[in-house]
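Let me begin by presenting the structure, written as structure tokens, before commenting on it.
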Number of protein chains: 8
Amino acid sequence: MDARGIEALLRAVRAGELSVADATRRLKASPPFADLGFATVDHHRVLRQGHPEIVFAPGKRPDQAAAIAREILDRAGRVLVTRVDGAQARAILDLIPEAEHQTTARTVAVMESDAERAPGVAIVSAGTADQRVAEEVRVTCRFLGFEPDWLVDVGVAGIHRLLDRQEVLHRARVVVVVAGMEGALASVVGGLVGVPVVAVPTSVGYGTGLGGLAALLSMLNSCASNVCCVNIDNGVGAGVVASLIRRNEPGSFFR
Amino acid sequence: MDARGIEALLRAVRAGELSVADATRRLKASPPFADLGFATVDHHRVLRQGHPEIVFAPGKRPDQAAAIAREILDRAGRVLVTRVDGAQARAILDLIPEAEHQTTARTVAVMESDAERAPGVAIVSAGTADQRVAEEVRVTCRFLGFEPDWLVDVGVAGIHRLLDRQEVLHRARVVVVVAGMEGALASVVGGLVGVPVVAVPTSVGYGTGLGGLAALLSMLNSCASNVCCVNIDNGVGAGVVASLIRRNEPGSFFR
Amino acid sequence: MDARGIEALLRAVRAGELSVADATRRLKASPPFADLGFATVDHHRVLRQGHPEIVFAPGKRPDQAAAIAREILDRAGRVLVTRVDGAQARAILDLIPEAEHQTTARTVAVMESDAERAPGVAIVSAGTADQRVAEEVRVTCRFLGFEPDWLVDVGVAGIHRLLDRQEVLHRARVVVVVAGMEGALASVVGGLVGVPVVAVPTSVGYGTGLGGLAALLSMLNSCASNVCCVNIDNGVGAGVVASLIRRNEPGSFFR
Amino acid sequence: MDARGIEALLRAVRAGELSVADATRRLKASPPFADLGFATVDHHRVLRQGHPEIVFAPGKRPDQAAAIAREILDRAGRVLVTRVDGAQARAILDLIPEAEHQTTARTVAVMESDAERAPGVAIVSAGTADQRVAEEVRVTCRFLGFEPDWLVDVGVAGIHRLLDRQEVLHRARVVVVVAGMEGALASVVGGLVGVPVVAVPTSVGYGTGLGGLAALLSMLNSCASNVCCVNIDNGVGAGVVASLIRRNEPGSFFR
Amino acid sequence: MDARGIEALLRAVRAGELSVADATRRLKASPPFADLGFATVDHHRVLRQGHPEIVFAPGKRPDQAAAIAREILDRAGRVLVTRVDGAQARAILDLIPEAEHQTTARTVAVMESDAERAPGVAIVSAGTADQRVAEEVRVTCRFLGFEPDWLVDVGVAGIHRLLDRQEVLHRARVVVVVAGMEGALASVVGGLVGVPVVAVPTSVGYGTGLGGLAALLSMLNSCASNVCCVNIDNGVGAGVVASLIRRNEPGSFFR
Amino acid sequence: MDARGIEALLRAVRAGELSVADATRRLKASPPFADLGFATVDHHRVLRQGHPEIVFAPGKRPDQAAAIAREILDRAGRVLVTRVDGAQARAILDLIPEAEHQTTARTVAVMESDAERAPGVAIVSAGTADQRVAEEVRVTCRFLGFEPDWLVDVGVAGIHRLLDRQEVLHRARVVVVVAGMEGALASVVGGLVGVPVVAVPTSVGYGTGLGGLAALLSMLNSCASNVCCVNIDNGVGAGVVASLIRRNEPGSFFR
Amino acid sequence: MDARGIEALLRAVRAGELSVADATRRLKASPPFADLGFATVDHHRVLRQGHPEIVFAPGKRPDQAAAIAREILDRAGRVLVTRVDGAQARAILDLIPEAEHQTTARTVAVMESDAERAPGVAIVSAGTADQRVAEEVRVTCRFLGFEPDWLVDVGVAGIHRLLDRQEVLHRARVVVVVAGMEGALASVVGGLVGVPVVAVPTSVGYGTGLGGLAALLSMLNSCASNVCCVNIDNGVGAGVVASLIRRNEPGSFFR
Amino acid sequence: MDARGIEALLRAVRAGELSVADATRRLKASPPFADLGFATVDHHRVLRQGHPEIVFAPGKRPDQAAAIAREILDRAGRVLVTRVDGAQARAILDLIPEAEHQTTARTVAVMESDAERAPGVAIVSAGTADQRVAEEVRVTCRFLGFEPDWLVDVGVAGIHRLLDRQEVLHRARVVVVVAGMEGALASVVGGLVGVPVVAVPTSVGYGTGLGGLAALLSMLNSCASNVCCVNIDNGVGAGVVASLIRRNEPGSFFR
């Protein structure tokens with residue numbers, strides 16, 4: 001049961017449509033976590049954070065990944081699994097045939113079928129090779145109810161590509177910048193907008209790129225003070241932070 | 001001239017209260033930057049980002065810091081200078097007697113005198129030694145129009161200190177976590193709330209704390225996906241990002 | 001001959017059941033080390049430390065690993081080989097058919113068959129992907145005579161999973177925390193218990209996780225002062241330290 | 001009120017010597033933490049961990065350090081402040097005249113006056129320059145009720161200095177090794193004893209010593225599997241861990 | 001004797017104005033190096049590289065620095081000493097009264113008095129705090145015969161400051177970019193011009209700026225392929241490289 | 001349309017051979033960038049920098065790499081793709097049959113067919129294993145219109161191999177040094193010549209070579225002040241910088 | 001022609017057995033280096049250093065490695081190629097059938113057939129996994145004319161294995177210590193002997209072993225002052241240094 | 001009693017000049033170490049290594065440094081204390097008036113008064129700022145009985161300074177290279193000589209010099225295989241290793 005389910009239940013109680021005893025029974029049937037032996041699935045996360053636990057696949061056996069996904073889907077009605085490899089994707093799709101596999105983003109998801117997604121998030125990515133991470137940001141935002149705009153391949157070596165299309169930036173309430181190499185795009189975008197910029201360094205590059213550390217350091221030391229960062233290649237984190245910024249509601253209503 | 005000034009001017013034009021010629025003249029008198037010889041003050045930042053350039057004092061001579069502050073104050077009506085040392089603070093106060101020196105935060109500021117500051121930002125700091133940075137966050141938020149709540153010294157070694165007072169977290173729209181040492185507080189807070197968490201690692205610690213790198217790495221690798229980070233000890237950045245999140249408006253209106 | 005064997009021998013001497021000459025002969029037949037050409041097996045380790053040398057497999061040829069295991073088993077009556085790959089496991093099982101291969105832990109072991117294992121060690125692991133290392137801790141403790149409790153997948157992003165089951169922590173004399181990512185779990189557990197916490201960072205994570213360094217730094221800088229650390233992924237070390245803490249006897253009786 | 005106080009109170013209740021109402025009132029008068037404005041003193045730590053919070057002085061103003069020390073002393077009857085500088089020491093001694101200042105260890109403490117301290121902890125330090133950290137270990141152990149043995153200046157460059165006096169090691173239940181430079185002493189001691197070794201790297205050294213990192217890495221990679229580590233120069237942590245190992249009781253009795 | 005002196009001498013020989021014997025004698029009087037006991041001054045550098053050895057002052061005693069400067073001045077007719085502290089500057093000025101001390105650049109120099117300096121080098125610096133390094137670039141270029149243009153304080157957080165004045169960039173044959181923090185300015189400038197960009201990272205910044213490493217990594221990983229780098233704060237190196245690029249002559253004429 | 005095409009067009013306008021209207025139409029047909037969906041090809045780069053965008057292949061799908069190459073070739077009449085793997089090379093050759101695949105350099109290129117390449121660039125490489133990177137430098141220079149000299153395998157361990165052939169260095173206007181291991185060759189060459197030295201560290205080496213970092217640090221700290229650096233293995237960058245140095249013209253003529 | 005060949009030639013000249021003209025012709029036929037196109041083989045190394053260039057195979061194509069080996073063998077009468085992979089070994093053996101492939105050491109060599117190798121070098125290795133590197137040391141010493149003693153698997157976790165056999169150390173003139181993990185063995189051996197200790201860190205280990213950096217740092221910071229180091233896994237370097245120490249002759253006789 | 005004293009004693013026994021009883025008594029009066037409370041002076045080092053313990057002063061109180069020096073001098077007849085600060089030097093000179101203070105080397109020593117020092121060690125230093133470390137090498141060699149040659153300030157930026165004086169290198173049996181910055185001198189010297197090269201990186205440099213790490217990495221990765229390294233600024237270690245190489249005797253005669 002997610003936050004909206006609980007709210008509906010409580011309203012039904014107040015309206016006298018549901019007895020206290022029944023409401024209690026149903027809430028008890030929604031335990032705070034489920035012990036799968038190899039995993040302790042956090043069912044209360046949807047209450048605390050407005051969305052169910054997002055599953056990080058690496059290090060999990062295919063059958064474990066699938067079982068966790070199934071458990072979450074059954075309780076929360078939707079599920080997102082990230083960084084899946086081929087075997088994990090197959091195992092999940094076997095167990096959850098209605099799931100969709102986004103291959104570039106390396107995610108498997110069941111989203112709300114009738115979602116009308118809200119605008120207000122912009123994604124800006126520096127190069128074609130950053131596409132995998134930018135796709136992960138996009139899938140995550142969509143999972144959380146938002147439909148981002150996306151400027152592709154607008155790195156600072158040809159800055160007119162960005163300046164000519166900056167109206168996309170100006171109508172956003174939060175901008176996610178995805179960039180590898182030297183990550184300078186985050187500072188340039190940060191200087192152009194008056195909203196929070198969530199910067200995602202990517203591991204694109206070589207040599208002193210140090211697997212994304214150069215881009216991260218660049219972003220952390222941005223001379224634009226509206227830039228904050230997430231881990232290298234962490235498209236999910238950027239998508240969650242951007243969506244929560246865009247949602248802009250105080251925490252969760254039930255604790 | 002700041003965004004509100006320009007908006008007023010344009011409305012006066014539309015209302016026929018001001019001729020186009022006069023409006024043009026006034027706007028021209030508001031140049032995009034001022035060349036002080038040793039600095040190029042960015043007067044359009046208030047238009048792009050909703051607040052004037054915040055001055056980072058280190059590396060500037062006292063007279064340079066004061067002249068830059070004066071220039072900004074004259075155009076924008078308010079100014080914030082950060083990381084001032086004693087000589088810089090004195091030079092600024094000499095030139096701007098109405099400025100206020102916050103000694104713990106190491107800032108000098110002229111704020112809007114009649115500000116009614118909005119709630120919705122919470123600061124959580126891990127130890128008494130993190131106070132300097134947390135104060136910098138607070139001053140920055142106040143400069144930008146918000147009055148944050150603050151939980152002091154609630155590190156995870158005695159986690160009941162945080163759990164017993166988490167209602168402060170639940171009424172916030174954004175939480176700033178300030179922590180040195182291992183920075184675990186960011187993950188714990190991230191797991192408790194459903195809003196964005198802006199994490200500020202501090203240089204508090206020793207040995208393998210590596211001047212704040214251990215805390216930063218901890219925060220970047222948080223298992224809570226709603227955590228984003230700024231540079232070590234970067235209270236200003238966290239204050240700006242949190243305030244922009246809290247403000248939640250699309251960019252700036254004039255570009 | 002291990003410590004108990006020697007103790008028995010000496011008691012027999014004192015009781016007059018064994019002549020001094022015979023005892024001497026038998027002890028001499030128990031040389032301090034065995035030279036296998038490619039290895040110098042330390043047979044006195046069981047005397048100094050109460051358990052035979054634990055064999056670290058990487059870098060050894062399958063036949064070398066098997067020969068060393070055989071040599072130790074013949075002298076000490078039990079043996080534990082860690083981090084075995086498939087070829088090494090097969091070679092050992094060929095030479096020692098009674099050995100058992102724990103695939104998740106990547107160990108091969110002959111344990112004392114009639115062991116009644118003592119309680120008092122608790123293992124707490126942060127995520128499903130940390131299971132391999134936590135299993136290595138468990139196998140090691142069992143090899144050394146202890147049967148640990150284990151809380152699985154109780155990372156701090158959903159801290160109620162840990163708080164709801166903390167009675168497991170409170171009946172332990174030593175707690176082993178196994179965590180990757182930001183490793184915050186060690187500090188939280190450290191703050192909840194009054195016994196030593198042995199923290200094992202794991203290489204689970206990506207980007208700035210730096211192969212486990214972020215978790216290690218977090219644990220070394222813990223604000224909880226009862227936390228000590230071992231190397232990244234070093235389940236054996238944690239198991240040995242925890243078992244020795246739990247045993248709590250002064251060193252070895254024979255040197 | 002510390003653990004013993006609470007135990008006495010509860011026994012008095014069971015014995016009928018104290019009414020439930022009075023016991024409740026007294027327990028309520030022992031709040032879980034005290035809010036000093038700049039600090040949240042954790043009064044329940046003595047219940048969870050068997051000893052009051054140890055105060056880490058750096059970054060605290062002298063008056064803050066003194067006020068926190070006073071608050072803890074008043075509740076728990078003893079207090080230990082570490083890494084004090086001259087001004088902090090003077091401020092604490094002004095407020096707590098009965099405190100004692102250990103200058104080499106850089107600590108100020110009020111210990112239990114009639115303490116009979118238990119044996120079983122051994123400290124081994126590598127060089128004269130490591131003395132400051134080793135003293136911090138000793139003061140911490142004494143504060144927690146133990147009187148350690150100490151082998152001074154027995155680095156491996158002259159290993160007979162250690163081998164000739166190893167009987168000190170063999171009667172200990174836990175050994176603390178304090179070493180800078182290459183930290184090899186931890187492995188050598190680890191190989192000689194069958195008890196846990198708590199290794200404290202020190203910042204003694206230069207160049208590639210990297211402020212203690214070389215010693216730490218050496219200790220973390222010890223080929224002796226009974227070695228665990230704390231942060232560089234962290235004498236307090238080593239003293240706490242060693243004391244808890246030596247005490248060997250399950251956690252705290254009241255939670 | 002420098003390259004021009006030697007050229008003049010050889011021309012005099014060819015013109016019959018100087019006997020071969022005299023020319024030989026004079027050339028021999030110009031030894032390849034001078035042994036000062038504590039230094040071996042390289043007098044042939046002017047022949048190999050077109051300018052005399054530039055003296056790096058740190059680590060030299062004031063009297064040593066002065067003696068080396070004197071020796072070079074006597075042979076080459078000009079001298080540049082960099083990174084001088086107060087005592088070194090005084091010692092050099094005592095010995096060479098005609099020298100000039102540039103305090104911001106921390107240099108002491110005797111330049112060619114009648115120099116008509118050539119244009120074609122542009123310096124772009126990111127912030128006021130980068131001024132010391134940019135001044136060192138400028139002094140070096142002037143010492144080598146060029147008079148650079150300089151754009152001050154045009155960091156990317158307000159990119160219009162740079163775009164509005166880019167004509168300075170377009171008339172240069174080489175651009176030196178001086179920037180600390182995240183160093184993004186190098187990539188942006190690199191993308192705007194079709195000439196070599198020599199990037200100088202500065203140590204301006206804090207925390208993860210790592211003393212200039214973040215800026216250096218950013219510059220080394222620039223997505224603009226016309227950017228090359230020198231060491232952190234190495235204004236001299238950038239000035240030499242830029243001047244040699246601008247001079248554009250094959251090596252030295254005498255070897 | 002590249003710079004020369006535009007220049008021809010403008011001359012035709014001035015000569016009355018082309019109407020202004022036609023010229024305008026043709027220029028408009030040369031858009032500043034092309035949106036391929038997954039890439040934003042920068043067609044103005046040839047105007048800003050004198051050569052079309054060089055394509056970095058890693059991270060691009062074979063069909064993406066080929067489509068981008070085709071797009072550039074169609075506009076600019078030449079194209080260079082670097083770091084191609086086998087699949088990418090095949091895809092490009094399928095789409096652009098006239099392209100040439102340089103296997104050692106890992107490049108695919110269409111160069112100007114009738115190019116008369118200018119001398120003045122010298123490449124010096126330290127060992128046989130550095131050949132791949134040196135070849136990338138050479139191909140890049142050739143693509144940009146220069147034919148470099150090349151000294152192969154002249155590392156400093158046998159310095160006479162370099163000294164005996166230094167006349168190659170002395171006729172160059174810029175020298176590219178390609179070296180792995182300790183990279184000392186850059187300093188030695190830097191000391192021998194009076195022109196700029198562009199140093200390319202390579203990832204050749206092992207252990208503390210740290211994938212080329214040791215060579216890079218050596219080059220950045222060169223005691224020869226005419227050395228500048230590019231990223232590890234960045235043959236393209238070195239080729240571009242060296243070619244621009246050799247060309248020695250102010251920027252681009254059209255902006 | 002190697003040093004002995006040249007010495008013989010010169011003696012023949014002095015003895016009148018060879019005309020000066022013939023000697024000159026023969027010496028000229030021994031050029032200082034051979035240009036193979038992809039390599040510049042240093043034939044004078046045998047004169048400068050007493051042994052021909054040792055070939056480092058990685059990064060060379062099999063046919064290149066074989067051609068270089070052949071060239072050296074033809075001039076110097078012996079050759080050593082290190083770090084060969086399978087393809088390289090086969091190519092060399094095809095071209096040089098008399099060569100021998102040492103598989104553990106990963107070397108291919110032609111040694112002097114009638115060599116009587118001198119004693120005086122001792123190798124001490126810490127674990128079975130260090131064997132590959134220790135074998136490389138041994139092959140190198142044998143190639144250079146020395147037959148080392150070797151103590152296998154005597155790591156400090158069981159220090160009696162070393163102490164019981166230290167007579168091997170005491171008859172050596174130089175000791176090579178090969179150790180991974182924490183590398184403590186170098187310090188212990190250094191403290192036991194009065195001769196130079198050449199320490200070779202190996203990449204054996206995991207996690208914070210950092211591919212051998214932990215062992216290297218330990219060795220560089222050794223409290224024994226007779227320890228010097230070579231690169232991680234650099235068995236060849238250690239073998240060369242140890243052999244030159246053992247040879248103890250001033251440089252080469254011909255330069 | 002040092003090695004020579006013991007040898008004399010044993011010869012007296014063999015010659016019948018000393019009774020076995022007296023010899024035994026005298027030897028017993030020479031204990032293996034002296035316990036000073038804060039230090040355990042290793043008196044057997046002179047037996048194991050041929051020279052008494054060299055005292056490293058940092059971290060020792062002046063009175064401790066002086067007492068340790070006195071103790072060693074009394075037993076061994078000579079003493080060397082390194083890295084002394086002013087207060088330590090004064091304390092030692094107060095206690096040992098015959099000692100000599102070498103201020104550049106920062107050492108205090110009592111050497112053998114009638115020493116005839118042997119040749120065969122050469123020191124080569126790169127710059128004037130490296131002088132402090134090179135002096136420490138020289139003092140150490142002199143303390144151990146050797147008088148080194150020294151080439152000052154011959155860095156590779158002007159390589160003719162070294163090549164013109166290489167005869168100094170060719171008469172040495174071991175060369176010590178002292179260099180900061182990029183440390184290339186070690187490789188160049190290594191390629192010129194056929195004897196062991198002991199490389200000492202110094203902390204001279206700035207920025208990416210990283211306090212000497214760049215020089216160290218350069219030296220460890222030297223393409224010359226006869227180079228070994230000691231810690232940054234470790235002049236003592238280099239002096240000891242070079243002296244032992246030069247002495248070239250098997251270990252110590254008494255163990």
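By order of appearance in the structure tokens: chains A, B, ..., then residues from 1 within every chain, and ligands from 1 in the order shown.
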For this session: Just the residues within 12 Å of Pro148 (chain F), please, counting only C-alpha atoms, with nothing from its chain fewer than 6 positions along; format it as a PyMOL selection string.
Result: chain F and resi 117-124+134-142+168-169+171-176+239+242-243+246
Enumerate, in order of chain and increasing residue number, the residues of chain F with an atom no farther than 6 Å from chain E, each with its shortest atom pair and distance in Å to one decimal, counting only C-alpha atoms, as a tab-separated table.
```
residue	atom	partner	partner_atom	distance
F:Arg48	CA	E:Gly194	CA	5.6
F:Gln49	CA	E:Gly194	CA	3.6
F:His170	CA	E:Gly251	CA	5.4
F:Arg171	CA	E:Pro250	CA	5.6
F:Ala172	CA	E:Pro250	CA	5.4
F:Arg173	CA	E:Pro250	CA	4.5
F:Val193	CA	E:Gly251	CA	5.4
F:Gly194	CA	E:Gln49	CA	3.6
F:Val195	CA	E:Gly251	CA	5.1
F:Pro196	CA	E:Val241	CA	5.7
F:Leu220	CA	E:Asn231	CA	5.0
F:Ser225	CA	E:Gly237	CA	4.9
F:Asn226	CA	E:Val241	CA	5.1
F:Cys228	CA	E:Val230	CA	5.2
F:Cys229	CA	E:Cys229	CA	5.0
F:Val230	CA	E:Cys228	CA	5.2
F:Asn231	CA	E:Leu220	CA	5.0
F:Gly237	CA	E:Ser225	CA	4.8
F:Val240	CA	E:Asn226	CA	5.9
F:Val241	CA	E:Asn226	CA	5.1
F:Leu244	CA	E:Val195	CA	5.8
F:Ile245	CA	E:Ile245	CA	5.9
F:Glu249	CA	E:Arg173	CA	5.9
F:Pro250	CA	E:Arg173	CA	4.4
F:Gly251	CA	E:Gly194	CA	4.2
F:Ser252	CA	E:Gly194	CA	5.6
```
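For Ile68 (chain E), the residues within 9 Å (counting only C-alpha atoms, excluding itself and residues fewer than 4 positions away along the chain) are Leu36, Ala39, Thr40, Val41, Val55, Asp63, Gln64, Ile72 and Leu73 of chain E.
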Selection to disk with all heavy atoms, as a compact mmCIF listing (two decimals), in the first residue's frame:
```
# COMPACT_ATOMS: atom_id res chain seq x y z
N LEU E 36 79.26 27.80 -9.33
CA LEU E 36 79.27 28.70 -8.17
C LEU E 36 79.42 27.94 -6.85
O LEU E 36 79.22 28.49 -5.78
CB LEU E 36 77.96 29.51 -8.12
CG LEU E 36 77.60 30.34 -9.36
CD1 LEU E 36 76.41 31.24 -9.04
CD2 LEU E 36 78.77 31.18 -9.83
N ALA E 39 75.73 26.02 -7.14
CA ALA E 39 74.90 26.06 -8.35
C ALA E 39 75.80 25.95 -9.56
O ALA E 39 76.97 26.34 -9.52
CB ALA E 39 74.10 27.35 -8.42
N THR E 40 75.23 25.38 -10.64
CA THR E 40 75.95 25.29 -11.91
C THR E 40 75.13 26.05 -12.93
O THR E 40 74.21 25.51 -13.53
CB THR E 40 76.10 23.80 -12.31
OG1 THR E 40 76.68 23.07 -11.23
CG2 THR E 40 76.97 23.66 -13.55
N VAL E 41 75.42 27.34 -13.11
CA VAL E 41 74.60 28.20 -13.95
C VAL E 41 74.80 27.83 -15.41
O VAL E 41 75.92 27.73 -15.90
CB VAL E 41 74.93 29.68 -13.69
CG1 VAL E 41 74.09 30.57 -14.61
CG2 VAL E 41 74.70 30.03 -12.23
N VAL E 55 65.41 31.90 -13.07
CA VAL E 55 65.77 31.35 -11.76
C VAL E 55 64.52 31.14 -10.91
O VAL E 55 63.73 32.06 -10.72
CB VAL E 55 66.74 32.31 -11.03
CG1 VAL E 55 67.19 31.69 -9.72
CG2 VAL E 55 67.93 32.63 -11.92
N ASP E 63 71.34 34.91 -0.34
CA ASP E 63 72.61 35.24 -0.98
C ASP E 63 72.87 34.35 -2.19
O ASP E 63 73.48 34.79 -3.18
CB ASP E 63 73.76 35.10 0.04
CG ASP E 63 73.90 33.69 0.56
OD1 ASP E 63 72.88 33.13 1.06
OD2 ASP E 63 75.00 33.11 0.47
N GLN E 64 72.41 33.11 -2.15
CA GLN E 64 72.56 32.24 -3.32
C GLN E 64 71.73 32.76 -4.49
O GLN E 64 72.22 32.85 -5.63
CB GLN E 64 72.12 30.81 -2.98
CG GLN E 64 73.03 30.10 -1.97
CD GLN E 64 72.52 28.71 -1.62
OE1 GLN E 64 71.33 28.44 -1.70
NE2 GLN E 64 73.43 27.84 -1.21
N ILE E 72 74.03 35.50 -14.04
CA ILE E 72 73.28 35.45 -15.30
C ILE E 72 73.23 36.83 -15.94
O ILE E 72 73.45 36.99 -17.15
CB ILE E 72 71.86 34.90 -15.05
CG1 ILE E 72 71.94 33.41 -14.70
CG2 ILE E 72 70.96 35.12 -16.27
CD1 ILE E 72 70.64 32.81 -14.24
N LEU E 73 72.93 37.84 -15.12
CA LEU E 73 72.83 39.19 -15.66
C LEU E 73 74.14 39.61 -16.33
O LEU E 73 74.15 40.19 -17.42
CB LEU E 73 72.48 40.17 -14.52
CG LEU E 73 72.35 41.63 -14.92
CD1 LEU E 73 71.23 41.82 -15.95
CD2 LEU E 73 72.08 42.49 -13.70
```
For this session: Assign secondary structure with DSSP using the backbone only, and return the residues of region 83-236 of chain D in strand (DSSP E or B) as a PyMOL selection string.
Result: chain D and resi 100-102+107-110+118+121-125+146+149-151+174-179+197-201+227-229
Exercise. Within 7 Å of Asp130 (chain B), counting only C-alpha atoms, which residues qualify if same-chain residues fewer than 4 places away don't, as a PyMOL selection string?
Worked result: chain B and resi 125-126+134+178-180+202+204
Hey, can you spit out that residue selection with all heavy atoms as a JSON list (two decimals), in the first residue's frame?
```json
[["chain", "number", "residue", "atom", "x", "y", "z"],
["B", 125, "SER", "N", 22.99, 19.41, 11.85],
["B", 125, "SER", "CA", 24.45, 19.33, 11.91],
["B", 125, "SER", "C", 24.89, 18.27, 12.91],
["B", 125, "SER", "O", 24.25, 18.04, 13.93],
["B", 125, "SER", "CB", 25.07, 20.69, 12.24],
["B", 125, "SER", "OG", 24.63, 21.16, 13.49],
["B", 126, "ALA", "N", 26.03, 17.62, 12.59],
["B", 126, "ALA", "CA", 26.40, 16.42, 13.33],
["B", 126, "ALA", "C", 27.12, 16.69, 14.63],
["B", 126, "ALA", "O", 26.93, 15.98, 15.61],
["B", 126, "ALA", "CB", 27.28, 15.54, 12.44],
["B", 134, "ALA", "N", 27.64, 25.19, 9.31],
["B", 134, "ALA", "CA", 26.18, 25.26, 9.40],
["B", 134, "ALA", "C", 25.72, 26.71, 9.52],
["B", 134, "ALA", "O", 24.69, 27.10, 8.98],
["B", 134, "ALA", "CB", 25.71, 24.44, 10.60],
["B", 178, "VAL", "N", 24.85, 18.82, 7.56],
["B", 178, "VAL", "CA", 26.24, 19.29, 7.68],
["B", 178, "VAL", "C", 26.97, 18.32, 8.60],
["B", 178, "VAL", "O", 26.64, 18.21, 9.78],
["B", 178, "VAL", "CB", 26.27, 20.71, 8.28],
["B", 178, "VAL", "CG1", 27.71, 21.20, 8.40],
["B", 178, "VAL", "CG2", 25.44, 21.66, 7.44],
["B", 179, "ALA", "N", 27.97, 17.59, 8.06],
["B", 179, "ALA", "CA", 28.64, 16.59, 8.89],
["B", 179, "ALA", "C", 30.06, 16.35, 8.42],
["B", 179, "ALA", "O", 30.33, 16.31, 7.21],
["B", 179, "ALA", "CB", 27.87, 15.27, 8.86],
["B", 180, "GLY", "N", 30.95, 16.16, 9.36],
["B", 180, "GLY", "CA", 32.33, 15.78, 9.07],
["B", 180, "GLY", "C", 32.55, 14.32, 9.43],
["B", 180, "GLY", "O", 31.64, 13.51, 9.26],
["B", 202, "THR", "N", 32.08, 18.32, 5.95],
["B", 202, "THR", "CA", 32.97, 19.33, 6.53],
["B", 202, "THR", "C", 34.36, 18.73, 6.74],
["B", 202, "THR", "O", 34.53, 17.53, 6.76],
["B", 202, "THR", "CB", 32.46, 19.86, 7.88],
["B", 202, "THR", "OG1", 32.63, 18.84, 8.87],
["B", 202, "THR", "CG2", 31.00, 20.26, 7.80],
["B", 204, "VAL", "N", 35.94, 18.64, 9.34],
["B", 204, "VAL", "CA", 36.13, 18.22, 10.74],
["B", 204, "VAL", "C", 36.55, 16.76, 10.77],
["B", 204, "VAL", "O", 35.90, 15.91, 10.16],
["B", 204, "VAL", "CB", 34.82, 18.42, 11.53],
["B", 204, "VAL", "CG1", 34.90, 17.77, 12.90],
["B", 204, "VAL", "CG2", 34.50, 19.90, 11.65]]
```
For this session: Extract, using only C-alpha atoms, all DNA, RNA and protein residues at most 12 Å from region 85-88 of chain H, discarding same-chain residues fewer than 5 positions from it, and format them as a list in words.
Result: Val55, Phe56, Ala57, Pro58, Gly59, Lys60, Arg61, Pro62, Asp63, Gln64, Ala65, Ala66, Ala67, Ile68, Ala69, Leu93, Asp94, Leu95, Ile96, His101, Gln102, Thr103, Thr104, Ala105, Arg106, Thr107 and Val108 of chain H
For this session: Using DSSP on the backbone, list every residue of region 7-255 of chain H that comes out as helix (DSSP H, G or I), and give them as number ranges by chain.
Result: H: 7-14, 20-28, 45-49, 62-76, 86-95, 128-143, 156-158, 160-163, 167-170, 185-192, 207-220, 235-247
